[in-house]
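The file target_25.txt comes next; it holds compact mmCIF, C-alpha atoms.
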```txt
# COMPACT_ATOMS: atom_id res chain seq x y z
CA MET B 272 110.89 156.58 169.67
CA THR B 273 113.28 153.93 168.49
CA ALA B 274 113.31 150.77 170.51
CA LEU B 275 116.72 149.71 171.73
CA THR B 276 117.70 146.15 171.05
CA LEU B 277 120.10 144.61 173.48
CA ALA B 278 122.54 142.02 172.28
CA PRO B 279 122.25 138.74 174.13
CA VAL B 280 124.84 138.31 176.83
CA ARG B 281 126.65 135.02 176.83
CA VAL B 282 127.13 133.71 180.32
CA ARG B 283 129.95 131.30 180.89
CA PRO B 284 128.87 128.20 182.78
CA ARG B 285 130.51 127.95 186.16
CA ARG B 286 132.95 125.16 186.75
CA PRO B 287 131.56 122.42 189.02
CA LEU B 288 133.04 122.33 192.50
CA GLY B 289 134.46 118.86 191.93
CA VAL B 290 136.39 120.07 188.86
CA LEU B 291 137.78 123.03 190.81
CA VAL B 292 138.90 120.79 193.68
CA ALA B 293 140.43 118.21 191.34
CA GLY B 294 142.15 120.89 189.26
CA GLY B 295 143.52 122.60 192.35
CA PHE B 296 144.85 119.30 193.68
CA LEU B 297 146.56 118.51 190.36
CA GLY B 298 148.08 121.98 190.36
CA LEU B 299 149.54 121.33 193.80
CA VAL B 300 150.90 117.95 192.67
CA VAL B 301 152.61 119.51 189.65
CA LEU B 302 154.01 122.31 191.81
CA ALA B 303 155.27 119.81 194.38
CA ALA B 304 156.97 117.78 191.65
CA VAL B 305 158.72 120.87 190.25
CA LEU B 306 159.82 122.06 193.71
CA ALA B 307 160.71 118.58 195.01
CA PRO B 308 164.38 119.48 195.67
CA LEU B 309 163.22 122.38 197.85
CA LEU B 310 160.30 120.65 199.58
CA ALA B 311 161.76 117.19 200.24
CA PRO B 312 163.30 117.01 203.72
CA TYR B 313 165.72 114.24 202.65
CA ALA B 314 167.28 112.88 199.49
CA PRO B 315 164.99 110.25 197.96
CA ASP B 316 167.71 107.59 198.09
CA ALA B 317 169.00 108.41 201.60
CA ILE B 318 169.03 105.17 203.62
CA ASP B 319 168.76 105.12 207.43
CA LEU B 320 168.37 101.55 208.69
CA SER B 321 167.92 102.80 212.25
CA ALA B 322 164.63 104.40 211.15
CA SER B 323 163.34 101.37 209.24
CA LEU B 324 159.52 101.28 209.00
CA ALA B 325 159.18 104.27 211.31
CA GLY B 326 155.71 105.72 211.68
CA THR B 327 154.70 109.33 211.24
CA SER B 328 156.77 111.76 213.30
CA PRO B 329 158.14 115.32 213.08
CA ASP B 330 161.27 113.89 211.44
CA HIS B 331 159.33 111.76 208.94
CA LEU B 332 155.89 113.21 208.31
CA LEU B 333 154.70 110.20 206.28
CA GLY B 334 156.96 107.59 207.85
CA THR B 335 159.72 105.54 206.25
CA ASP B 336 160.06 102.33 204.25
CA SER B 337 161.99 99.18 205.14
CA SER B 338 165.30 100.85 204.19
CA GLY B 339 164.58 103.90 206.31
CA GLN B 340 163.99 106.11 203.28
CA ASP B 341 161.66 109.03 203.91
CA LEU B 342 158.32 108.38 202.18
CA LEU B 343 157.45 112.06 201.77
CA SER B 344 160.72 112.72 199.95
CA ARG B 345 160.27 109.67 197.72
CA VAL B 346 156.68 110.59 196.84
CA LEU B 347 157.68 114.15 195.94
CA TYR B 348 160.50 113.02 193.67
CA GLY B 349 158.43 110.13 192.33
CA ALA B 350 155.78 112.58 191.15
CA ARG B 351 158.19 113.69 188.44
CA THR B 352 158.46 110.26 186.85
CA SER B 353 154.80 109.45 187.46
CA LEU B 354 153.64 112.61 185.65
CA ILE B 355 156.23 113.00 182.90
CA ALA B 356 156.15 109.36 181.71
CA PRO B 357 152.38 109.41 180.89
CA LEU B 358 152.90 112.67 178.97
CA LEU B 359 155.61 111.06 176.84
CA LEU B 360 153.45 107.95 176.40
CA LEU B 361 150.50 109.98 175.15
CA ALA B 362 152.79 112.05 172.91
CA VAL B 363 153.89 108.86 171.15
CA ALA B 364 150.31 107.61 170.90
CA ALA B 365 149.07 110.99 169.62
CA LEU B 366 151.81 111.29 167.00
CA LEU B 367 151.13 107.83 165.58
CA GLY B 368 147.38 107.72 166.21
CA VAL B 369 146.54 111.13 164.75
CA THR B 370 148.69 110.41 161.69
CA LEU B 371 146.99 107.07 161.05
CA GLY B 372 143.50 108.40 161.78
CA VAL B 373 143.81 111.43 159.48
CA LEU B 374 145.46 109.35 156.75
CA ALA B 375 142.65 106.78 156.84
CA ALA B 376 139.91 109.41 156.77
CA TRP B 377 141.55 111.50 154.03
CA ARG B 378 142.54 108.76 151.62
CA GLY B 379 139.65 106.36 152.23
CA GLY B 380 139.39 103.21 150.13
CA TRP B 381 142.00 100.52 150.69
CA VAL B 382 144.08 102.81 152.93
CA ASP B 383 141.15 103.27 155.29
CA ALA B 384 140.43 99.54 155.21
CA PHE B 385 144.09 98.67 155.91
CA VAL B 386 144.37 101.07 158.87
CA SER B 387 141.04 99.85 160.26
CA ARG B 388 142.12 96.19 160.05
CA LEU B 389 145.50 97.04 161.57
CA THR B 390 143.91 98.75 164.57
CA ASP B 391 141.43 95.87 164.91
CA VAL B 392 144.31 93.40 165.06
CA MET B 393 146.04 95.46 167.75
CA TYR B 394 142.74 95.64 169.66
CA ALA B 395 142.63 91.82 169.65
CA PHE B 396 145.54 91.79 172.10
CA PRO B 397 145.00 93.19 175.60
CA GLY B 398 147.07 96.35 175.95
CA LEU B 399 149.01 95.12 178.97
CA LEU B 400 149.79 91.77 177.30
CA PHE B 401 150.96 93.55 174.14
CA THR B 402 153.21 95.76 176.27
CA VAL B 403 154.66 92.82 178.20
CA LEU B 404 155.48 91.05 174.92
CA ILE B 405 157.42 94.09 173.70
CA ILE B 406 159.23 94.41 177.04
CA ALA B 407 160.13 90.71 176.89
CA VAL B 408 161.89 91.35 173.56
CA PHE B 409 163.57 94.70 174.26
CA GLY B 410 164.08 94.49 178.03
CA THR B 411 162.66 96.20 181.09
CA GLY B 412 162.90 99.88 181.92
CA MET B 413 160.81 103.03 181.85
CA THR B 414 161.83 103.97 178.29
CA THR B 415 160.72 100.62 176.91
CA SER B 416 157.49 100.78 178.92
CA VAL B 417 156.64 104.25 177.60
CA LEU B 418 157.25 103.26 173.99
CA ALA B 419 155.40 99.96 174.35
CA LEU B 420 152.36 101.54 175.98
CA GLY B 421 152.49 104.34 173.42
CA LEU B 422 152.06 101.71 170.71
CA ALA B 423 149.31 100.02 172.73
CA TYR B 424 147.36 103.30 173.00
CA THR B 425 147.85 104.19 169.32
CA PRO B 426 144.79 102.26 168.01
CA THR B 427 142.50 104.02 170.49
CA VAL B 428 143.71 107.46 169.44
CA ALA B 429 143.66 106.47 165.75
CA LYS B 430 140.02 105.33 165.82
CA TYR B 431 138.92 108.44 167.69
CA THR B 432 140.82 110.73 165.31
CA ARG B 433 139.45 108.94 162.27
CA SER B 434 135.86 109.44 163.42
CA LEU B 435 136.50 113.16 163.87
CA ALA B 436 138.41 113.52 160.61
CA LEU B 437 135.68 111.84 158.56
CA SER B 438 133.18 114.53 159.49
CA GLU B 439 135.79 117.29 159.17
CA CYS B 440 136.69 116.21 155.63
CA ARG B 441 133.08 116.79 154.52
CA LYS B 442 133.12 120.47 155.49
CA PRO B 443 133.02 123.09 152.71
CA TYR B 444 136.40 124.65 153.47
CA VAL B 445 138.17 121.42 152.49
CA ASP B 446 136.58 121.47 149.01
CA ALA B 447 137.35 125.19 148.73
CA TYR B 448 141.05 124.61 149.34
CA ARG B 449 141.05 121.71 146.90
CA VAL B 450 139.51 123.92 144.18
CA GLN B 451 142.30 126.43 144.81
CA GLY B 452 144.80 123.70 143.96
CA MET B 453 146.11 123.13 147.49
CA GLY B 454 147.62 119.71 148.08
CA GLY B 455 146.15 117.18 150.48
CA ALA B 456 149.19 117.12 152.76
CA ARG B 457 149.07 120.90 153.14
CA ILE B 458 145.33 120.91 153.85
CA CYS B 459 145.68 118.19 156.48
CA ALA B 460 148.73 119.67 158.18
CA GLY B 461 147.66 123.30 158.00
CA TYR B 462 143.91 123.15 158.55
CA LEU B 463 142.44 119.69 159.19
CA VAL B 464 144.68 118.58 162.07
CA PRO B 465 144.61 121.97 163.87
CA ASN B 466 140.80 121.93 163.71
CA LEU B 467 140.83 118.51 165.37
CA GLY B 468 143.33 119.63 167.99
CA ARG B 469 140.89 120.73 170.68
CA SER B 470 138.86 117.53 170.61
CA VAL B 471 141.94 115.30 170.49
CA ALA B 472 143.55 117.23 173.36
CA GLY B 473 140.44 116.77 175.49
CA TYR B 474 140.44 113.05 174.75
CA LEU B 475 144.12 112.75 175.69
CA VAL B 476 143.43 114.42 179.04
CA VAL B 477 140.87 111.70 179.73
CA LEU B 478 143.45 109.04 178.81
CA PHE B 479 146.12 110.55 181.08
CA GLY B 480 144.83 108.91 184.25
CA GLU B 481 144.59 105.53 182.54
CA ALA B 482 148.13 105.93 181.16
CA LEU B 483 149.46 106.79 184.62
CA MET B 484 147.76 103.72 186.08
CA SER B 485 149.13 101.48 183.29
CA LEU B 486 152.69 102.66 183.87
CA ALA B 487 152.32 102.23 187.63
CA THR B 488 151.08 98.68 187.00
CA LEU B 489 154.13 97.86 184.89
CA SER B 490 156.44 99.27 187.55
CA TYR B 491 154.59 97.26 190.21
CA LEU B 492 155.09 94.09 188.16
CA GLY B 493 158.80 94.87 187.76
CA PHE B 494 158.71 95.75 184.06
CA GLY B 495 158.80 99.54 184.33
CA ALA B 496 160.89 101.73 186.62
CA GLN B 497 163.75 99.94 188.36
CA PRO B 498 165.35 100.56 191.77
CA PRO B 499 166.46 102.99 193.12
CA SER B 500 163.74 104.95 191.30
CA SER B 501 161.02 106.61 193.38
CA ASP B 502 158.28 105.82 190.86
CA TRP B 503 154.97 105.41 192.69
CA GLY B 504 154.17 102.01 191.21
CA LEU B 505 157.59 100.68 192.19
CA MET B 506 157.16 102.12 195.70
CA VAL B 507 153.90 100.16 196.12
CA GLN B 508 155.68 96.97 195.06
CA GLU B 509 158.58 97.62 197.45
CA GLY B 510 156.24 98.43 200.32
CA GLN B 511 154.10 95.33 199.87
CA ALA B 512 156.41 93.17 202.00
CA ALA B 513 156.11 95.62 204.91
CA VAL B 514 152.33 95.10 205.04
CA VAL B 515 152.95 91.59 206.44
CA GLN B 516 154.91 93.22 209.26
CA GLY B 517 152.02 95.54 210.05
CA ALA B 518 153.54 98.63 208.41
CA LEU B 519 150.95 99.99 205.98
CA LEU B 520 152.48 103.37 205.12
CA PRO B 521 155.17 102.21 202.62
CA ALA B 522 152.47 100.82 200.31
CA LEU B 523 149.57 103.05 201.37
CA VAL B 524 151.28 106.42 200.75
CA PRO B 525 152.24 105.89 197.08
CA GLY B 526 149.05 103.91 196.43
CA THR B 527 146.95 106.80 197.73
CA ALA B 528 148.94 109.24 195.59
CA ILE B 529 148.26 107.16 192.47
CA ALA B 530 144.54 106.84 193.22
CA ALA B 531 144.12 110.55 194.03
CA VAL B 532 145.90 111.73 190.88
CA VAL B 533 144.09 109.25 188.60
CA VAL B 534 140.66 110.21 189.99
CA SER B 535 141.47 113.92 189.72
CA PHE B 536 142.60 113.56 186.12
CA ASN B 537 139.45 111.64 185.27
CA VAL B 538 137.26 114.37 186.79
CA VAL B 539 139.13 117.18 185.03
CA GLY B 540 139.51 115.15 181.83
CA VAL B 541 135.80 114.44 181.39
CA TRP B 542 134.98 118.10 181.96
CA ALA B 543 137.74 119.24 179.57
CA ALA B 544 136.65 116.76 176.89
CA ASP B 545 133.07 118.05 177.06
CA ARG B 546 134.22 121.66 176.84
CA LEU B 547 136.85 121.21 174.13
CA GLY B 548 134.90 118.69 172.08
CA GLY B 549 131.70 120.72 172.15
CA ARG B 550 133.17 123.84 170.57
CA ASN B 551 133.40 124.46 166.86
```
Whole structure given in structure tokens:
Amino acid sequence: MTALTLAPVRVRPRRPLGVLVAGGFLGLVVLAAVLAPLLAPYAPDAIDLSASLAGTSPDHLLGTDSSGQDLLSRVLYGARTSLIAPLLLLAVAALLGVTLGVLAAWRGGWVDAFVSRLTDVMYAFPGLLFTVLIIAVFGTGMTTSVLALGLAYTPTVAKYTRSLALSECRKPYVDAYRVQGMGGARICAGYLVPNLGRSVAGYLVVLFGEALMSLATLSYLGFGAQPPSSDWGLMVQEGQAAVVQGALLPALVPGTAIAAVVVSFNVVGVWAADRLGGRN
């Protein structure tokens, strides 16, 4: 009789409960941001001075701020800015950082040394200070903040990409394409960068929470989003004065939203980075 050999069955590891909870929460936040016009009971800029600093009630589920604006409506609309701006920030950092990192790893020599020294110089300045200096020159606003922070995050992405690209350049398929006469730009754009995509994407997910917090900090300091925006960082700054009057909700509601989203992205990001970075 011939013995039957069974192929090994690959069992997918189950997602940890914390990752499922964090991912579900982020899904709800994204859905709430998309459906904000349908879910918000009031316009985000609707002022009702008669309801100034009102507590939770059927009319205002999360209370109001000093201008009588509904906090629930402002948080829902503010989720759009607070989620889209970090995406744009990381897109700028990824475009510049991946380009510099792959260029340094591919060319080596003086190019690698120049890019490494350039990123070291940028690392010498604290990211927030570097951003404030750029804002001082070009003016305040969310667009300037996104571009400035994108430049501040570029060295981090460039160094990470370079470390990945150095090992990728040593793989046999790169030499095989070179022997076939394929140019370096085509190899990098068509094969090298796509092979790095999963690991870089996982790393960017980890950075998302930090980017959101950085933008909220700039808005809190008055350099980012400007009134009448419903950006969460700006809402915390506007609600700070109400704390002295004993009204905690105007600062607590957006502050809690920032903390919950940042923690959730960190939980999901670490798990995604392990999964995406560990695959060939």
- Item | Nearest to B:Ala531 by atom-to-atom distance, counting all atoms listed in the file, from B:Gly504, B:Gly368, B:Gly480, B:Gly455 |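 Under the stated criterion, the closest residue is B:Gly480.
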- Using all atoms listed in the file, which residues sit within 8 Å of B:Leu310 once same-chain residues fewer than 3 positions away are excluded, as a ChimeraX atom specification? /B:303,306-307,344,347
Which residues are close to B:Pro312, i.e. within 12 Å by only C-alpha atoms, leaving aside same-chain residues fewer than 5 positions away? Reply as a PDB file with C-alpha atoms, keeping the file's coordinate frame.
```
ATOM      1  CA  LEU B 306     159.820 122.060 193.710  1.00  0.00           C
ATOM      2  CA  ALA B 307     160.710 118.580 195.010  1.00  0.00           C
ATOM      3  CA  ALA B 317     169.000 108.410 201.600  1.00  0.00           C
ATOM      4  CA  PRO B 329     158.140 115.320 213.080  1.00  0.00           C
ATOM      5  CA  ASP B 330     161.270 113.890 211.440  1.00  0.00           C
ATOM      6  CA  HIS B 331     159.330 111.760 208.940  1.00  0.00           C
ATOM      7  CA  LEU B 332     155.890 113.210 208.310  1.00  0.00           C
ATOM      8  CA  LEU B 333     154.700 110.200 206.280  1.00  0.00           C
ATOM      9  CA  GLN B 340     163.990 106.110 203.280  1.00  0.00           C
ATOM     10  CA  ASP B 341     161.660 109.030 203.910  1.00  0.00           C
ATOM     11  CA  LEU B 342     158.320 108.380 202.180  1.00  0.00           C
ATOM     12  CA  LEU B 343     157.450 112.060 201.770  1.00  0.00           C
ATOM     13  CA  SER B 344     160.720 112.720 199.950  1.00  0.00           C
ATOM     14  CA  ARG B 345     160.270 109.670 197.720  1.00  0.00           C
ATOM     15  CA  VAL B 346     156.680 110.590 196.840  1.00  0.00           C
ATOM     16  CA  LEU B 347     157.680 114.150 195.940  1.00  0.00           C
ATOM     17  CA  TYR B 348     160.500 113.020 193.670  1.00  0.00           C
TER      18      TYR B 348
END
```
- Note on the structure: Between B:Leu358, B:Leu463, B:Val428, B:Val300, smallest distance to B:Tyr444 by all atoms listed in the file belongs to B:Leu463
Long-range neighbours of B:Leu523 as a PDB file with C-alpha atoms, in the coordinates of the input, 10 Å cut-off, only C-alpha atoms, 4 positions minimum in chain:
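Result file is result.pdb:
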```
ATOM      1  CA  MET B 506     157.160 102.120 195.700  1.00  0.00           C
ATOM      2  CA  VAL B 507     153.900 100.160 196.120  1.00  0.00           C
ATOM      3  CA  GLY B 510     156.240  98.430 200.320  1.00  0.00           C
ATOM      4  CA  GLN B 511     154.100  95.330 199.870  1.00  0.00           C
ATOM      5  CA  VAL B 514     152.330  95.100 205.040  1.00  0.00           C
ATOM      6  CA  ALA B 518     153.540  98.630 208.410  1.00  0.00           C
ATOM      7  CA  LEU B 519     150.950  99.990 205.980  1.00  0.00           C
ATOM      8  CA  THR B 527     146.950 106.800 197.730  1.00  0.00           C
ATOM      9  CA  ALA B 528     148.940 109.240 195.590  1.00  0.00           C
ATOM     10  CA  ILE B 529     148.260 107.160 192.470  1.00  0.00           C
TER      11      ILE B 529
END
```
- List the neighbours of B:Val534 out to 10 Å using all atoms listed in the file; skip same-chain residues closer than 6 positions along the sequence, and give me the result as a list in words.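 After dropping sequence-adjacent residues, the list is Ala293, Gly480, Glu481 and Gly540 of chain B.
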- Message: To one decimal place in Å, what is the distance between atom CA of B:Asp391 and atom CA of B:Pro426?
- Response: 7.9 Å
- Query: What lies within 9 Å of stretch 369-386 of chain B using all atoms listed in the file, ignoring chain neighbours under 5 positions off, as a list of chain:residue names?
  - Reply: B:Ala364, B:Asp391, B:Thr425, B:Pro426, B:Val428, B:Ala429, B:Lys430, B:Tyr431, B:Thr432, B:Arg433, B:Ser434, B:Leu435, B:Ala436, B:Leu437, B:Ser438, B:Cys440, B:Gly455, B:Cys459, B:Leu463, B:Val464, B:Val471
Could you please take those selected residues and save C-alpha atoms as a tab-separated table (two decimals), in the frame of the given file?
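Ended up saving to again-v4.tsv:
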```tsv
chain	number	residue	atom	x	y	z
B	364	ALA	CA	150.31	107.61	170.90
B	391	ASP	CA	141.43	95.87	164.91
B	425	THR	CA	147.85	104.19	169.32
B	426	PRO	CA	144.79	102.26	168.01
B	428	VAL	CA	143.71	107.46	169.44
B	429	ALA	CA	143.66	106.47	165.75
B	430	LYS	CA	140.02	105.33	165.82
B	431	TYR	CA	138.92	108.44	167.69
B	432	THR	CA	140.82	110.73	165.31
B	433	ARG	CA	139.45	108.94	162.27
B	434	SER	CA	135.86	109.44	163.42
B	435	LEU	CA	136.50	113.16	163.87
B	436	ALA	CA	138.41	113.52	160.61
B	437	LEU	CA	135.68	111.84	158.56
B	438	SER	CA	133.18	114.53	159.49
B	440	CYS	CA	136.69	116.21	155.63
B	455	GLY	CA	146.15	117.18	150.48
B	459	CYS	CA	145.68	118.19	156.48
B	463	LEU	CA	142.44	119.69	159.19
B	464	VAL	CA	144.68	118.58	162.07
B	471	VAL	CA	141.94	115.30	170.49
```
